[in-house]
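For reference, input39.cif is printed below; it contains mmCIF, C-alpha atoms and all ligand atoms.
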```
data_start
#
loop_
_atom_site.label_atom_id
_atom_site.label_comp_id
_atom_site.auth_asym_id
_atom_site.auth_seq_id
_atom_site.Cartn_x
_atom_site.Cartn_y
_atom_site.Cartn_z
CA MET A 1 0.00 0.00 0.00
CA LYS A 2 1.19 3.53 -0.75
CA PRO A 3 2.88 5.14 2.28
CA ILE A 4 0.79 7.73 4.06
CA GLN A 5 2.16 11.23 3.39
CA VAL A 6 2.61 13.56 6.33
CA GLY A 7 3.26 17.31 6.43
CA LEU A 8 4.68 18.90 9.60
CA LEU A 9 3.70 22.44 10.54
CA GLY A 10 6.58 23.58 12.76
CA ILE A 11 9.78 21.67 13.38
CA GLY A 12 10.86 22.66 16.88
CA THR A 13 11.71 20.19 19.62
CA VAL A 14 8.74 17.85 19.07
CA GLY A 15 8.89 18.09 15.27
CA ARG A 16 12.55 17.14 15.30
CA GLY A 17 11.84 14.19 17.60
CA THR A 18 9.00 13.03 15.35
CA PHE A 19 11.28 13.12 12.35
CA GLU A 20 14.06 11.28 14.12
CA VAL A 21 11.93 8.53 15.71
CA LEU A 22 10.00 7.94 12.50
CA SER A 23 13.27 7.59 10.54
CA ARG A 24 14.94 5.42 13.17
CA ASN A 25 12.04 3.00 13.74
CA GLN A 26 10.59 3.17 10.24
CA GLU A 27 10.63 -0.55 9.59
CA GLU A 28 8.86 -1.58 12.80
CA ILE A 29 6.39 1.29 12.60
CA SER A 30 5.31 0.32 9.08
CA ARG A 31 4.95 -3.32 10.09
CA ARG A 32 2.56 -2.15 12.81
CA ALA A 33 0.72 0.38 10.67
CA GLY A 34 0.39 -1.89 7.65
CA ARG A 35 1.92 0.79 5.42
CA GLY A 36 4.76 3.29 5.44
CA ILE A 37 4.48 6.68 7.12
CA GLU A 38 6.59 9.38 5.46
CA ILE A 39 7.08 13.01 6.38
CA THR A 40 7.40 14.51 2.92
CA MET A 41 6.89 18.21 3.69
CA VAL A 42 7.89 20.48 6.54
CA ALA A 43 6.77 24.09 6.99
CA ASP A 44 8.76 26.33 9.31
CA LEU A 45 9.50 30.05 9.26
CA ASP A 46 13.16 29.23 9.88
CA THR A 47 13.74 27.24 6.70
CA ALA A 48 17.52 27.09 7.17
CA ARG A 49 17.18 25.42 10.58
CA ALA A 50 14.45 23.10 9.25
CA ARG A 51 16.72 22.05 6.35
CA GLY A 52 19.50 21.42 8.86
CA ILE A 53 17.21 18.87 10.58
CA VAL A 54 15.57 17.13 7.62
CA GLY A 55 18.31 17.42 4.98
CA GLU A 56 17.10 15.98 1.70
CA ARG A 57 14.49 13.74 3.36
CA ALA A 58 11.58 16.19 3.02
CA ARG A 59 10.66 19.36 1.16
CA VAL A 60 10.98 22.44 3.38
CA VAL A 61 8.74 25.48 2.86
CA SER A 62 8.15 28.62 4.90
CA ASP A 63 4.40 28.80 4.24
CA ALA A 64 2.26 26.26 6.14
CA ARG A 65 -0.54 26.76 3.62
CA GLU A 66 1.62 25.15 0.92
CA VAL A 67 1.51 21.94 2.97
CA ILE A 68 -2.26 22.14 3.42
CA ALA A 69 -2.81 22.84 -0.29
CA ASN A 70 -0.69 19.87 -1.41
CA PRO A 71 -3.10 17.12 -2.58
CA GLU A 72 -0.45 14.45 -1.89
CA ILE A 73 -0.47 15.19 1.87
CA ASP A 74 -2.86 12.94 3.85
CA VAL A 75 -2.08 14.10 7.39
CA VAL A 76 -1.09 17.49 8.78
CA VAL A 77 0.79 17.49 12.09
CA GLU A 78 0.33 20.82 13.87
CA LEU A 79 3.23 21.56 16.22
CA ILE A 80 3.07 25.36 16.24
CA GLY A 81 1.13 25.76 19.50
CA GLY A 82 -1.12 28.52 20.80
CA TYR A 83 -4.60 29.56 19.72
CA GLY A 84 -3.76 32.03 16.93
CA ILE A 85 -2.42 30.88 13.58
CA ALA A 86 -2.52 27.25 14.77
CA LYS A 87 -6.32 27.38 15.00
CA ALA A 88 -6.69 28.84 11.52
CA LEU A 89 -4.33 26.24 10.03
CA VAL A 90 -6.00 23.30 11.78
CA LEU A 91 -9.42 24.39 10.53
CA GLU A 92 -8.03 24.95 7.02
CA ALA A 93 -6.39 21.51 7.02
CA ILE A 94 -9.70 19.92 8.07
CA ALA A 95 -11.55 21.87 5.38
CA ALA A 96 -9.00 20.56 2.86
CA GLY A 97 -9.88 17.00 3.93
CA LYS A 98 -6.64 16.28 5.80
CA HIS A 99 -6.46 14.31 9.03
CA VAL A 100 -4.83 16.35 11.79
CA VAL A 101 -2.49 15.33 14.60
CA THR A 102 -1.77 17.97 17.19
CA ALA A 103 0.06 18.35 20.49
CA ASN A 104 -1.77 21.61 21.10
CA LYS A 105 -3.67 21.24 24.39
CA ALA A 106 -4.46 24.96 24.61
CA LEU A 107 -6.14 24.95 21.21
CA LEU A 108 -8.27 21.87 21.90
CA ALA A 109 -9.19 22.81 25.47
CA VAL A 110 -10.49 26.19 24.35
CA HIS A 111 -11.70 25.54 20.77
CA GLY A 112 -12.12 21.75 20.80
CA THR A 113 -15.87 21.75 20.27
CA GLU A 114 -15.56 23.79 17.07
CA ILE A 115 -12.60 21.75 15.82
CA PHE A 116 -14.10 18.31 16.52
CA ARG A 117 -17.39 19.40 14.93
CA ALA A 118 -15.58 20.58 11.77
CA ALA A 119 -13.62 17.31 11.61
CA ALA A 120 -16.78 15.21 12.01
CA ALA A 121 -18.51 17.15 9.22
CA LYS A 122 -15.56 16.53 6.93
CA GLY A 123 -15.06 12.89 7.97
CA VAL A 124 -11.45 13.40 9.08
CA ILE A 125 -9.63 12.48 12.29
CA VAL A 126 -8.23 14.97 14.82
CA ALA A 127 -5.84 13.04 17.07
CA PHE A 128 -4.16 14.52 20.15
CA GLU A 129 -2.42 11.91 22.29
CA ALA A 130 0.62 14.22 22.56
CA ALA A 131 -1.51 17.02 24.02
CA VAL A 132 -1.93 15.35 27.42
CA ALA A 133 0.98 14.08 29.51
CA GLY A 134 3.38 13.87 26.55
CA GLY A 135 4.59 10.31 26.09
CA ILE A 136 2.09 8.68 28.48
CA PRO A 137 -0.70 7.09 26.40
CA ILE A 138 -3.42 8.37 28.72
CA ILE A 139 -5.85 9.34 25.96
CA LYS A 140 -5.65 5.85 24.49
CA ALA A 141 -6.04 4.29 27.95
CA LEU A 142 -9.13 6.34 28.81
CA ARG A 143 -10.70 6.13 25.39
CA GLU A 144 -10.04 2.48 24.63
CA GLY A 145 -8.38 0.41 27.37
CA LEU A 146 -10.83 1.55 30.08
CA THR A 147 -13.88 1.76 27.84
CA ALA A 148 -15.80 -0.81 29.93
CA ASN A 149 -15.70 1.39 33.00
CA ARG A 150 -17.80 4.08 34.49
CA ILE A 151 -14.93 6.44 35.30
CA GLN A 152 -15.28 7.87 38.81
CA TRP A 153 -12.33 10.22 38.99
CA VAL A 154 -9.01 11.06 37.42
CA ALA A 155 -6.18 12.84 39.23
CA GLY A 156 -2.89 13.64 37.61
CA ILE A 157 0.45 15.35 37.88
CA ILE A 158 0.23 16.67 34.36
CA ASN A 159 2.76 19.49 34.37
CA GLY A 160 6.40 18.55 34.66
CA THR A 161 7.71 22.07 35.27
CA THR A 162 5.68 22.57 38.42
CA ASN A 163 6.38 19.06 39.66
CA PHE A 164 10.09 19.77 39.28
CA ILE A 165 9.73 23.04 41.24
CA LEU A 166 7.71 21.38 44.02
CA SER A 167 10.28 18.58 44.26
CA GLU A 168 13.08 21.15 44.61
CA MET A 169 11.12 23.05 47.26
CA ARG A 170 10.66 19.87 49.26
CA ASP A 171 14.09 18.31 48.79
CA LYS A 172 16.15 21.46 49.30
CA GLY A 173 13.81 23.53 51.49
CA LEU A 174 13.82 26.27 48.80
CA ASP A 175 11.10 28.87 48.49
CA PHE A 176 9.16 29.13 45.25
CA ASP A 177 11.25 31.88 43.61
CA ALA A 178 14.55 30.09 44.19
CA ALA A 179 13.16 26.77 42.93
CA LEU A 180 11.78 28.48 39.82
CA LYS A 181 15.21 29.98 39.09
CA ASP A 182 16.76 26.50 39.41
CA ALA A 183 14.15 25.11 37.03
CA GLN A 184 14.92 27.85 34.49
CA ARG A 185 18.68 27.39 34.80
CA LEU A 186 18.32 23.64 34.20
CA GLY A 187 15.96 24.07 31.24
CA TYR A 188 12.85 22.66 32.98
CA ALA A 189 11.01 25.99 32.97
CA GLU A 190 10.70 28.42 30.11
CA ALA A 191 11.87 32.05 30.26
CA ASP A 192 8.16 32.98 30.58
CA PRO A 193 6.84 30.17 32.78
CA THR A 194 3.40 31.75 33.40
CA PHE A 195 1.25 29.02 31.81
CA ASP A 196 3.02 26.31 33.78
CA ILE A 197 3.34 27.93 37.21
CA GLU A 198 -0.16 29.44 37.18
CA GLY A 199 -1.69 26.02 36.42
CA VAL A 200 -3.04 26.95 32.98
CA ASP A 201 -1.16 24.22 31.09
CA ALA A 202 -2.38 21.60 33.56
CA ALA A 203 -5.91 22.98 33.28
CA HIS A 204 -5.88 22.59 29.50
CA LYS A 205 -4.93 18.94 29.95
CA ALA A 206 -7.41 18.33 32.79
CA THR A 207 -10.17 19.79 30.60
CA LEU A 208 -9.41 17.28 27.83
CA ILE A 209 -9.21 14.39 30.32
CA SER A 210 -12.54 15.38 31.84
CA ALA A 211 -14.30 15.44 28.48
CA ILE A 212 -13.00 11.98 27.56
CA ALA A 213 -13.63 10.48 30.98
CA PHE A 214 -17.25 11.61 31.31
CA GLY A 215 -18.53 12.28 27.81
CA ILE A 216 -18.93 16.02 28.27
CA PRO A 217 -17.81 18.81 25.93
CA VAL A 218 -14.44 20.47 26.50
CA GLN A 219 -15.13 23.39 28.86
CA PHE A 220 -11.88 25.09 29.79
CA ASP A 221 -13.76 28.20 30.91
CA LYS A 222 -15.36 26.14 33.73
CA CYS A 223 -12.07 24.72 35.05
CA HIS A 224 -10.89 26.10 38.39
CA VAL A 225 -7.23 27.07 37.88
CA GLU A 226 -4.80 27.72 40.71
CA GLY A 227 -1.01 27.50 40.32
CA ILE A 228 1.85 27.07 42.77
CA THR A 229 3.19 30.64 42.98
CA ARG A 230 1.72 31.30 46.43
CA LEU A 231 2.94 28.07 48.02
CA ALA A 232 5.27 28.61 50.97
CA SER A 233 8.02 26.15 51.79
CA ALA A 234 6.61 26.13 55.37
CA ASP A 235 3.43 24.48 54.03
CA ILE A 236 5.42 21.78 52.29
CA LYS A 237 7.27 21.15 55.56
CA TYR A 238 4.12 21.07 57.73
CA ALA A 239 2.35 18.82 55.23
CA GLU A 240 5.30 16.43 55.43
CA GLN A 241 5.07 16.37 59.22
CA LEU A 242 1.42 15.35 58.88
CA GLY A 243 2.24 12.55 56.39
CA TYR A 244 1.36 14.39 53.18
CA ARG A 245 3.11 15.72 50.07
CA ILE A 246 1.93 18.72 48.09
CA LYS A 247 1.48 18.22 44.34
CA LEU A 248 -0.14 20.33 41.65
CA LEU A 249 -2.98 18.03 40.60
CA GLY A 250 -5.46 18.17 37.78
CA ILE A 251 -8.58 16.56 39.20
CA THR A 252 -11.87 15.67 37.61
CA ARG A 253 -14.52 13.71 39.47
CA ARG A 254 -18.08 12.61 38.77
CA THR A 255 -20.52 13.33 41.61
CA ASP A 256 -24.30 13.07 41.97
CA LYS A 257 -24.59 16.77 41.16
CA GLY A 258 -22.15 17.06 38.25
CA VAL A 259 -18.46 17.02 37.43
CA GLU A 260 -15.63 18.60 39.41
CA LEU A 261 -12.89 20.06 37.21
CA ARG A 262 -10.02 21.73 39.00
CA VAL A 263 -6.27 22.32 39.09
CA HIS A 264 -4.65 23.38 42.35
CA PRO A 265 -1.90 22.46 44.81
CA THR A 266 -3.14 19.44 46.73
CA LEU A 267 -2.04 17.54 49.83
CA ILE A 268 -1.93 13.80 49.14
CA PRO A 269 -0.88 11.04 51.53
CA ALA A 270 2.89 10.46 51.21
CA ARG A 271 2.31 6.70 50.96
CA ARG A 272 0.38 6.93 47.66
CA LEU A 273 2.49 6.00 44.62
CA ILE A 274 1.60 9.26 42.89
CA ALA A 275 2.90 11.26 45.86
CA ASN A 276 6.34 9.83 45.06
CA VAL A 277 6.42 11.01 41.46
CA ASP A 278 9.23 13.55 41.56
CA GLY A 279 11.20 15.82 39.27
CA ALA A 280 9.69 16.62 35.89
CA MET A 281 7.82 13.30 35.59
CA ASN A 282 4.07 13.06 35.04
CA ALA A 283 1.60 10.51 36.42
CA VAL A 284 -2.14 10.02 36.17
CA VAL A 285 -4.41 7.88 38.36
CA VAL A 286 -7.73 6.80 36.87
CA GLN A 287 -10.41 5.28 39.09
CA GLY A 288 -12.92 3.15 37.19
CA ASP A 289 -15.79 1.20 38.74
CA ALA A 290 -14.71 -2.14 37.28
CA VAL A 291 -10.94 -1.89 37.16
CA GLY A 292 -10.36 0.11 40.36
CA ALA A 293 -7.38 2.45 40.34
CA THR A 294 -4.83 2.35 37.52
CA LEU A 295 -1.68 4.49 37.41
CA TYR A 296 0.14 5.78 34.33
CA TYR A 297 3.64 7.21 34.76
CA GLY A 298 6.22 8.66 32.39
CA LYS A 299 7.70 11.69 30.70
CA GLY A 300 5.15 14.41 30.06
CA ALA A 301 7.32 16.48 27.77
CA GLY A 302 10.48 16.38 25.71
CA SER A 303 11.38 15.72 22.13
CA GLU A 304 11.14 11.96 21.70
CA PRO A 305 8.58 11.19 24.47
CA THR A 306 6.15 13.62 22.83
CA ALA A 307 7.10 12.32 19.37
CA SER A 308 6.20 8.83 20.62
CA ALA A 309 2.61 10.04 21.14
CA VAL A 310 2.48 11.93 17.83
CA ILE A 311 3.61 8.83 15.93
CA ALA A 312 1.13 6.59 17.76
CA ASP A 313 -1.59 8.87 16.37
CA LEU A 314 -0.05 8.66 12.89
CA VAL A 315 -0.13 4.86 13.08
CA ASP A 316 -3.81 4.93 14.08
CA ILE A 317 -4.55 7.19 11.15
CA ALA A 318 -2.52 5.05 8.75
CA ARG A 319 -4.61 2.03 9.79
CA LEU A 320 -7.94 3.87 9.53
CA HIS A 321 -7.33 6.11 6.52
CA GLY A 322 -10.07 5.36 4.01
CA ALA A 323 -12.14 3.31 6.49
CA ASP A 324 -15.77 4.21 7.19
CA PRO A 325 -15.64 7.08 9.77
CA SER A 326 -18.32 5.32 11.84
CA HIS A 327 -15.77 2.57 12.58
CA ARG A 328 -13.36 4.98 14.24
CA VAL A 329 -12.94 5.57 17.96
CA PRO A 330 -14.73 8.88 18.63
CA PRO A 331 -12.27 11.71 19.50
CA LEU A 332 -13.85 12.31 22.91
CA ALA A 333 -14.42 8.57 23.56
CA PHE A 334 -18.23 8.85 23.44
CA GLN A 335 -20.23 8.97 20.20
CA SER A 336 -20.70 12.67 19.48
CA ASN A 337 -24.53 12.44 19.49
CA THR A 338 -24.38 11.12 23.07
CA LEU A 339 -22.12 13.81 24.56
CA ALA A 340 -23.86 15.44 27.51
CA ALA A 341 -24.80 19.03 26.73
CA ALA A 342 -22.63 21.65 28.46
CA GLY A 343 -24.48 22.48 31.66
CA GLY A 344 -26.96 19.60 31.05
CA ASP A 345 -27.12 16.40 33.09
CA LEU A 346 -23.45 16.63 34.01
CA PRO A 347 -22.67 20.31 34.60
CA VAL A 348 -19.20 21.33 35.71
CA LEU A 349 -19.73 22.26 39.36
CA PRO A 350 -18.82 25.64 40.85
CA MET A 351 -16.04 25.39 43.43
CA ALA A 352 -18.50 26.14 46.25
CA ASP A 353 -20.05 22.70 45.56
CA VAL A 354 -16.76 20.79 45.45
CA VAL A 355 -16.28 18.43 48.38
CA THR A 356 -12.74 17.78 49.60
CA GLY A 357 -10.54 17.93 52.69
CA TYR A 358 -8.53 21.03 53.62
CA TYR A 359 -5.22 22.02 55.15
CA LEU A 360 -5.45 25.33 56.98
CA ARG A 361 -2.46 27.27 58.32
CA ILE A 362 -3.38 30.12 60.62
CA ARG A 363 -0.81 32.48 62.15
CA VAL A 364 -2.20 33.27 65.61
CA VAL A 365 -1.50 34.92 68.93
CA ASP A 366 -0.29 32.12 71.18
CA GLU A 367 -2.75 32.44 74.07
CA ALA A 368 -5.49 30.45 75.79
CA GLY A 369 -8.81 29.97 74.00
CA VAL A 370 -7.63 30.70 70.44
CA LEU A 371 -7.91 27.13 69.20
CA ALA A 372 -11.21 26.59 71.03
CA ARG A 373 -12.71 29.61 69.25
CA PHE A 374 -11.70 28.23 65.83
CA THR A 375 -12.90 24.71 66.51
CA GLY A 376 -16.20 26.14 67.76
CA ILE A 377 -16.74 28.00 64.48
CA LEU A 378 -15.81 24.89 62.47
CA ALA A 379 -18.13 22.71 64.58
CA ASP A 380 -21.02 25.14 64.08
CA ALA A 381 -20.45 24.85 60.32
CA ARG A 382 -20.44 21.02 60.72
CA ILE A 383 -16.84 20.85 59.52
CA SER A 384 -15.07 17.88 61.04
CA ILE A 385 -11.40 18.15 62.06
CA ASP A 386 -9.05 15.34 61.04
CA ALA A 387 -5.79 16.50 62.66
CA ILE A 388 -4.25 19.53 64.38
CA LEU A 389 -0.60 20.53 64.61
CA GLN A 390 0.67 23.43 66.65
CA ARG A 391 4.27 24.56 66.31
CA GLU A 392 6.27 25.82 69.26
CA ALA A 393 6.04 29.61 69.25
CA ASP A 394 9.84 29.84 69.47
CA GLU A 395 10.18 27.70 66.35
CA VAL A 396 7.89 29.97 64.35
CA GLY A 397 8.67 33.47 65.53
CA GLY A 398 12.04 33.09 67.28
CA GLU A 399 12.84 32.98 70.99
CA GLY A 400 10.18 34.54 73.23
CA SER A 401 7.72 34.82 70.32
CA THR A 402 4.05 35.27 71.16
CA GLN A 403 2.78 34.04 67.81
CA THR A 404 2.55 30.59 66.33
CA ASP A 405 1.19 28.59 63.41
CA LEU A 406 -1.87 26.41 63.90
CA ILE A 407 -2.32 23.77 61.24
CA ILE A 408 -5.71 22.12 60.94
CA LEU A 409 -6.65 19.29 58.58
CA THR A 410 -10.36 18.85 57.95
CA HIS A 411 -12.33 15.88 56.74
CA ASP A 412 -14.26 16.22 53.48
CA THR A 413 -16.24 19.44 53.49
CA ARG A 414 -18.26 21.40 50.97
CA GLU A 415 -16.03 24.30 49.88
CA GLY A 416 -18.85 26.83 50.26
CA ASP A 417 -19.24 25.81 53.93
CA LEU A 418 -15.51 26.13 54.55
CA ASP A 419 -15.46 29.58 52.92
CA ALA A 420 -18.26 30.69 55.25
CA ALA A 421 -16.40 29.43 58.32
CA LEU A 422 -13.12 31.04 57.26
CA ALA A 423 -14.95 34.32 56.71
CA GLN A 424 -15.72 34.24 60.46
CA ILE A 425 -12.23 33.16 61.55
CA GLN A 426 -10.15 35.51 59.40
CA PRO A 427 -11.26 38.80 61.05
CA LEU A 428 -10.70 37.57 64.64
CA PRO A 429 -8.12 39.77 66.43
CA THR A 430 -6.08 36.70 67.36
CA VAL A 431 -5.53 35.87 63.66
CA LEU A 432 -2.36 37.64 62.54
CA GLY A 433 -2.29 37.14 58.77
CA PRO A 434 -4.17 35.75 55.80
CA ILE A 435 -5.21 32.13 56.37
CA THR A 436 -3.51 29.67 54.03
CA ARG A 437 -5.92 27.09 52.65
CA ILE A 438 -4.77 24.11 50.53
CA ARG A 439 -7.12 21.35 49.38
CA LYS A 440 -6.43 17.74 50.44
CA GLU A 441 -7.32 14.53 48.63
CA GLU A 442 -6.94 11.05 50.07
CA LEU A 443 -7.14 9.44 46.58
CA ASN A 444 -8.40 6.15 48.00
N1 LIG B 1 5.28 22.67 29.87
C1 LIG B 1 4.66 21.41 30.06
C2 LIG B 1 5.20 20.76 31.32
C3 LIG B 1 4.84 20.45 28.92
O1 LIG B 1 5.99 21.36 32.03
O2 LIG B 1 4.78 19.66 31.62
C4 LIG B 1 3.96 20.79 27.77
O3 LIG B 1 2.62 20.84 28.15
#
```
So that I can check it, write out the structure of this file as structure tokens.
Amino acid sequence: MKPIQVGLLGIGTVGRGTFEVLSRNQEEISRRAGRGIEITMVADLDTARARGIVGERARVVSDAREVIANPEIDVVVELIGGYGIAKALVLEAIAAGKHVVTANKALLAVHGTEIFRAAAAKGVIVAFEAAVAGGIPIIKALREGLTANRIQWVAGIINGTTNFILSEMRDKGLDFDAALKDAQRLGYAEADPTFDIEGVDAAHKATLISAIAFGIPVQFDKCHVEGITRLASADIKYAEQLGYRIKLLGITRRTDKGVELRVHPTLIPARRLIANVDGAMNAVVVQGDAVGATLYYGKGAGSEPTASAVIADLVDIARLHGADPSHRVPPLAFQSNTLAAAGGDLPVLPMADVVTGYYLRIRVVDEAGVLARFTGILADARISIDAILQREADEVGGEGSTQTDLIILTHDTREGDLDAALAQIQPLPTVLGPITRIRKEELN
């Protein structure tokens, strides 16, 4: 059978890896795919650099639209990123009848509904394994391997940059700014790390996971997004003393009322496998009703790990190219006519309705009755306390200090109820600073 012809839009780190892995493993990949897969065109603004990578193996052009207009090209791989030109090119490629492979989580999390609809109308595939957790085949696992299950929740470390920073903070006792500088010096964080450290990148990925897990449309605008920039090293230390680690988790959970969709720093028990995923690695736990918990671990970024996911999508397309579209696995795992309407039976819940445990750190005057006052307010709000830790005043504020940190862990509580209780505690004269509140998940 004629090899499938691929055009790359953008040949940066992932594009280069895709080219290299496809060349290196060509023979085995075609035996799996049933036909050859050849990158025959590459579009990149920096044509000299692109030629340096591909040599004579593919035609290099500066205009991505030349790739899309070429009738010989069957699949367009979009590796440009962002929502701007990438969106226009993906929609143009679909309109031209090309299948699309993309690693662009931002594009799909924000414009996925429009893009998947356009692809369905045109009968082409939009594949995006590389968009979530890089080389970990989590899309394939959720969409195919776990298809028998009613998924209950998914929780993942899905941003390597922030996991690296949190690991540095814990291992070396660094504060956030120092750990970020280390991450930048070592190439784990970009010069502008905003999307990573503010949780936006993880939220894009969590949004895609949520849609596939529960059969709901992609709804990035409903995802609660909180990054790690306000985390203090003291909280990492106190959490450790209570038997927990702090990780930036993307969490999506089905409840009786709807779906939780949130990204935030989270205390998790130190004995859970996922709590021990350190450095820039990613890991995702999926809880299904039949299978129980399954854990997926690996590199969430990087040239060849991400290329591994891109090529897996190319192999799927090579096998399915020309087949009846109704025989394909639906992009969001559920047949499109059965996707729950946004806000319908499975609405994404507001944070006030999310139920989880909490870690509270309250800087207080160290005197009689302070703790009793807090526990009274929590009891009135029917918030149950799981554990309390009080540091020696000397340890917190130096010798002779009259202030200390009270750390309270709560059992599962509705967030709206906790907010109401904290609104009563915060203004008390014995409370000396803003209360730190970090969510806690037992993941059991
Ligand atoms: N910047 C991401 C990370 C990889 O740090 O995991 C691409 O989404």
Counting all atoms listed in the file, name the residues that have an atom within 9 Å of an atom of ligand LIG 1 (chain B); the answer should be given as a PyMOL selection string.
chain A and resi 103-106+130-134+157-164+188-190+193+195-197+201-202+204-205+280-282+299-302+306
Prev. selection, C-alpha atoms, output as a PDB file, keeping the file's coordinate frame:
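again-v1.pdb, freshly written:
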```
ATOM      1  CA  ALA A 103       0.060  18.350  20.490  1.00  0.00           C
ATOM      2  CA  ASN A 104      -1.770  21.610  21.100  1.00  0.00           C
ATOM      3  CA  LYS A 105      -3.670  21.240  24.390  1.00  0.00           C
ATOM      4  CA  ALA A 106      -4.460  24.960  24.610  1.00  0.00           C
ATOM      5  CA  ALA A 130       0.620  14.220  22.560  1.00  0.00           C
ATOM      6  CA  ALA A 131      -1.510  17.020  24.020  1.00  0.00           C
ATOM      7  CA  VAL A 132      -1.930  15.350  27.420  1.00  0.00           C
ATOM      8  CA  ALA A 133       0.980  14.080  29.510  1.00  0.00           C
ATOM      9  CA  GLY A 134       3.380  13.870  26.550  1.00  0.00           C
ATOM     10  CA  ILE A 157       0.450  15.350  37.880  1.00  0.00           C
ATOM     11  CA  ILE A 158       0.230  16.670  34.360  1.00  0.00           C
ATOM     12  CA  ASN A 159       2.760  19.490  34.370  1.00  0.00           C
ATOM     13  CA  GLY A 160       6.400  18.550  34.660  1.00  0.00           C
ATOM     14  CA  THR A 161       7.710  22.070  35.270  1.00  0.00           C
ATOM     15  CA  THR A 162       5.680  22.570  38.420  1.00  0.00           C
ATOM     16  CA  ASN A 163       6.380  19.060  39.660  1.00  0.00           C
ATOM     17  CA  PHE A 164      10.090  19.770  39.280  1.00  0.00           C
ATOM     18  CA  TYR A 188      12.850  22.660  32.980  1.00  0.00           C
ATOM     19  CA  ALA A 189      11.010  25.990  32.970  1.00  0.00           C
ATOM     20  CA  GLU A 190      10.700  28.420  30.110  1.00  0.00           C
ATOM     21  CA  PRO A 193       6.840  30.170  32.780  1.00  0.00           C
ATOM     22  CA  PHE A 195       1.250  29.020  31.810  1.00  0.00           C
ATOM     23  CA  ASP A 196       3.020  26.310  33.780  1.00  0.00           C
ATOM     24  CA  ILE A 197       3.340  27.930  37.210  1.00  0.00           C
ATOM     25  CA  ASP A 201      -1.160  24.220  31.090  1.00  0.00           C
ATOM     26  CA  ALA A 202      -2.380  21.600  33.560  1.00  0.00           C
ATOM     27  CA  HIS A 204      -5.880  22.590  29.500  1.00  0.00           C
ATOM     28  CA  LYS A 205      -4.930  18.940  29.950  1.00  0.00           C
ATOM     29  CA  ALA A 280       9.690  16.620  35.890  1.00  0.00           C
ATOM     30  CA  MET A 281       7.820  13.300  35.590  1.00  0.00           C
ATOM     31  CA  ASN A 282       4.070  13.060  35.040  1.00  0.00           C
ATOM     32  CA  LYS A 299       7.700  11.690  30.700  1.00  0.00           C
ATOM     33  CA  GLY A 300       5.150  14.410  30.060  1.00  0.00           C
ATOM     34  CA  ALA A 301       7.320  16.480  27.770  1.00  0.00           C
ATOM     35  CA  GLY A 302      10.480  16.380  25.710  1.00  0.00           C
ATOM     36  CA  THR A 306       6.150  13.620  22.830  1.00  0.00           C
TER      37      THR A 306
END
```
Hey, which of A:Ile39, A:Val365, A:Ile138, A:Val431 ends up closest to Ser401 of chain A? Count only C-alpha atoms.
A:Val365
For atom CA of Ala213 of chain A and atom CA of Arg143 of chain A, the interatomic separation in Å (one decimal)
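Computing the Euclidean distance for atom CA of Ala213 of chain A and atom CA of Arg143 of chain A yields 7.7 Å.
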How close does each residue of segment 245-329 of chain A get to segment 56-76 of chain A, giving the shortest atom pair and distance in Å to one decimal for every residue with an atom at most 10 Å away, counting only C-alpha atoms, sorted by chain and residue number, as a Markdown table?
```
| residue | atom | partner | partner_atom | distance |
| --- | --- | --- | --- | --- |
| A:Leu314 | CA | A:Val75 | CA | 8.0 |
| A:Ile317 | CA | A:Val75 | CA | 8.2 |
| A:Ala318 | CA | A:Val75 | CA | 9.2 |
| A:His321 | CA | A:Asp74 | CA | 8.6 |
```
Straight-line distance linking atom CA of Ala203 of chain A with atom CA of Val263 of chain A, stated in Å to one decimal
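Atom CA of Val263 of chain A lies at a distance of 5.9 Å from atom CA of Ala203 of chain A.
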Among listed residues A:Ser384, A:Gln403, A:Ser308, A:Gln390, nearest Asp417 of chain A (using all atoms listed in the file)
A:Ser384
Using all atoms listed in the file, collect all residues at a distance of at most 7 Å from (-3.9, 26.3, 48.4) as written in the file, then present them as a PyMOL selection string.
chain A and resi 264-265+436-439
As an exercise, work out the distance from atom CA of His411 of chain A to atom CA of Gln219 of chain A in Å and give it to one decimal place.
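About the pair atom CA of His411 of chain A and atom CA of Gln219 of chain A: they are 29.0 Å apart.
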Can you work out which one of A:Leu208, A:Ala120, A:Ile246, A:Ala309 has the shortest atom-to-atom distance to Ser336 of chain A, counting only C-alpha atoms?
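For Ser336 of chain A, the nearest of the candidates is A:Ala120.
Between Val291 of chain A and the residues A:Gly145, A:Gly215, A:Gly400, A:Pro434, the shortest atom-to-atom distance, using all atoms listed in the file, involves A:Gly145.
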